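Novice: Below is the file my_file_20.txt, which contains compact mmCIF, C-alpha atoms.
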# COMPACT_ATOMS: atom_id res chain seq x y z
CA MET A 3 5.12 15.00 -2.34
CA LEU A 4 3.10 12.89 -4.75
CA GLY A 5 1.23 14.54 -7.59
CA VAL A 6 3.56 17.55 -7.98
CA GLY A 7 7.14 18.37 -8.97
CA GLU A 8 8.94 15.21 -10.04
CA PHE A 9 5.81 13.11 -9.46
CA PRO A 10 2.94 14.76 -11.40
CA GLY A 11 -0.16 12.58 -11.70
CA ILE A 12 1.13 9.98 -9.21
CA THR A 13 -1.27 8.93 -6.46
CA ILE A 14 -1.58 6.09 -3.97
CA THR A 15 -4.13 3.56 -5.24
CA ALA A 16 -3.86 0.98 -2.45
CA ALA A 17 -2.06 0.31 0.82
CA LEU A 18 -2.03 -2.93 2.79
CA PHE A 19 -0.33 -3.53 6.13
CA ASP A 20 -1.48 -6.62 8.08
CA GLY A 21 -5.02 -6.14 6.77
CA GLY A 22 -5.13 -2.39 7.45
CA ALA A 23 -4.24 0.66 5.39
CA GLU A 24 -2.03 2.54 7.86
CA ILE A 25 1.60 2.18 8.85
CA GLY A 26 3.78 3.83 11.44
CA PHE A 27 7.32 3.36 12.67
CA ASN A 28 8.72 3.11 16.18
CA TRP A 29 11.68 5.19 17.37
CA MET A 30 14.09 2.60 15.90
CA GLY A 31 12.44 2.58 12.47
CA ALA A 32 10.63 -0.76 12.82
CA PRO A 33 7.23 -0.69 11.07
CA LEU A 34 3.99 -0.86 13.05
CA ASN A 35 0.51 -1.71 11.75
CA ASP A 36 -2.59 0.35 12.56
CA ASP A 37 -2.91 -1.53 15.89
CA GLU A 38 0.55 -0.11 16.75
CA THR A 39 2.02 -3.61 16.93
CA ALA A 40 4.98 -4.90 14.92
CA LEU A 41 4.23 -5.52 11.26
CA ALA A 42 3.82 -9.32 10.89
CA SER A 43 4.33 -9.59 7.12
CA GLN A 44 5.41 -7.50 4.15
CA GLY A 45 3.35 -4.38 3.63
CA SER A 46 2.79 -2.65 0.32
CA VAL A 47 1.78 0.64 -1.24
CA THR A 48 0.56 0.62 -4.85
CA LEU A 49 0.88 3.78 -6.94
CA THR A 50 -0.77 4.77 -10.20
CA GLY A 51 0.70 2.87 -13.14
CA GLY A 52 1.13 -0.25 -11.03
CA HIS A 53 4.38 0.86 -9.45
CA GLY A 54 4.77 0.71 -5.72
CA VAL A 55 6.87 -0.03 -2.68
CA VAL A 56 7.21 -3.03 -0.37
CA ILE A 57 7.96 -2.55 3.34
CA GLU A 58 9.68 -5.39 5.16
CA PRO A 59 8.62 -6.36 8.69
CA GLU A 60 11.15 -5.96 11.53
CA THR A 61 13.68 -3.88 9.56
CA GLY A 62 11.38 -1.40 7.81
CA ASN A 63 13.49 -1.79 4.68
CA ILE A 64 11.65 -0.29 1.70
CA GLU A 65 12.11 -1.56 -1.86
CA LEU A 66 10.65 -0.26 -5.10
CA ALA A 67 8.29 -2.62 -6.86
CA ALA A 68 8.14 -2.28 -10.63
CA ALA A 69 4.91 -2.45 -12.57
CA PRO A 70 4.05 -5.95 -13.76
Reformat the file's structure so that it appears as structure tokens.
Specialist:
Amino acid sequence: MLGVGEFPGITITAALFDGGAEIGFNWMGAPLNDDETALASQGSVTLTGGHGVVIEPETGNIELAAAP
């Protein structure tokens, strides 16, 4: 959980998934946008300090994104 334990002070500052701010996953782990359709392009979540994650369309692979 963000903000406690190993992640004190960490919060989500932005999220972008095909123009929306919500993401879901189907039963196979493929990412869905807030219209519940397949994610068309990379999605991202930005955390405090500029760190974040990138979510790949189709596979749902998640990679850490370092602060610039």
Novice: Go ahead and fit an axis-aligned box to every listed atom of stretch 10-15 of chain A plus 3 Å each side, and pass me the centre and edge lengths in Å, one decimal, as AutoDock Vina command-line options.
Specialist:
--center_x -0.6 --center_y 9.2 --center_z -7.8 --size_x 13.1 --size_y 17.2 --size_z 13.7
Novice: Please identify all polymer residues within 7 Å of stretch 44-46 of chain A, counting only C-alpha atoms, omitting same-chain residues fewer than 2 positions from it, and present them as a list of chain:residue names.
Specialist: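 Surrounding residues, per the criterion: A:Ala17, A:Leu18, A:Phe19, A:Asp20, A:Thr48, A:Val55, A:Val56, A:Ile57, A:Glu58, A:Pro59.
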Novice: Of the residues A:Val47, A:Pro10, A:Ala23, A:Gly52, which is the one nearest to A:Glu65, using only C-alpha atoms?
Specialist: A:Val47
Novice: Out of A:Gly54, A:Gly62, A:Gly11, A:Gly21, which residue has the shortest atom-to-atom distance to A:Leu34 when counting only C-alpha atoms?
Specialist: A:Gly62
Novice: Expressed in Å to a single decimal, how great is the separation between atom CA of A:Glu60 and atom CA of A:Asp36?
Specialist: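 Separation between atom CA of A:Glu60 and atom CA of A:Asp36: 15.2 Å.
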Novice: May I ask which of the residues A:Asn63, A:Asn35, A:Asn28, A:Thr50 is the closest one to A:Ala16, counting all atoms listed in the file?
Specialist: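 For A:Ala16, the nearest of the candidates is A:Thr50.
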Novice: Could you jot down the atom CA of A:Ile12 to atom CA of A:Leu49 separation for me, Å, one decimal place?
Specialist: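 Taking atom CA of A:Ile12 and atom CA of A:Leu49, their separation equals 6.6 Å.
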Novice: Can you write stretch 44-64 of chain A from the block above with C-alpha atoms, as a PDB file, in the first residue's frame?
Specialist:
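Writing done, so here's result_19.pdb:
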ATOM      1  CA  GLN A  44       1.191   2.587 -23.242  1.00  0.00           C
ATOM      2  CA  GLY A  45      -0.393   3.708 -20.009  1.00  0.00           C
ATOM      3  CA  SER A  46       1.419   5.340 -17.133  1.00  0.00           C
ATOM      4  CA  VAL A  47       1.187   6.069 -13.429  1.00  0.00           C
ATOM      5  CA  THR A  48       3.346   8.863 -12.006  1.00  0.00           C
ATOM      6  CA  LEU A  49       4.301   8.787  -8.330  1.00  0.00           C
ATOM      7  CA  THR A  50       5.676  11.493  -6.067  1.00  0.00           C
ATOM      8  CA  GLY A  51       9.318  12.240  -6.832  1.00  0.00           C
ATOM      9  CA  GLY A  52       8.745  11.682 -10.543  1.00  0.00           C
ATOM     10  CA  HIS A  53       9.011   7.915 -10.349  1.00  0.00           C
ATOM     11  CA  GLY A  54       6.346   5.785 -11.915  1.00  0.00           C
ATOM     12  CA  VAL A  55       5.338   2.749 -13.899  1.00  0.00           C
ATOM     13  CA  VAL A  56       4.528   2.135 -17.562  1.00  0.00           C
ATOM     14  CA  ILE A  57       1.900  -0.446 -18.560  1.00  0.00           C
ATOM     15  CA  GLU A  58       2.202  -2.015 -22.004  1.00  0.00           C
ATOM     16  CA  PRO A  59      -0.900  -2.621 -24.135  1.00  0.00           C
ATOM     17  CA  GLU A  60      -1.823  -6.227 -25.020  1.00  0.00           C
ATOM     18  CA  THR A  61       0.566  -7.895 -22.553  1.00  0.00           C
ATOM     19  CA  GLY A  62      -0.019  -5.797 -19.428  1.00  0.00           C
ATOM     20  CA  ASN A  63       3.723  -5.895 -18.776  1.00  0.00           C
ATOM     21  CA  ILE A  64       4.625  -3.300 -16.144  1.00  0.00           C
TER      22      ILE A  64
END
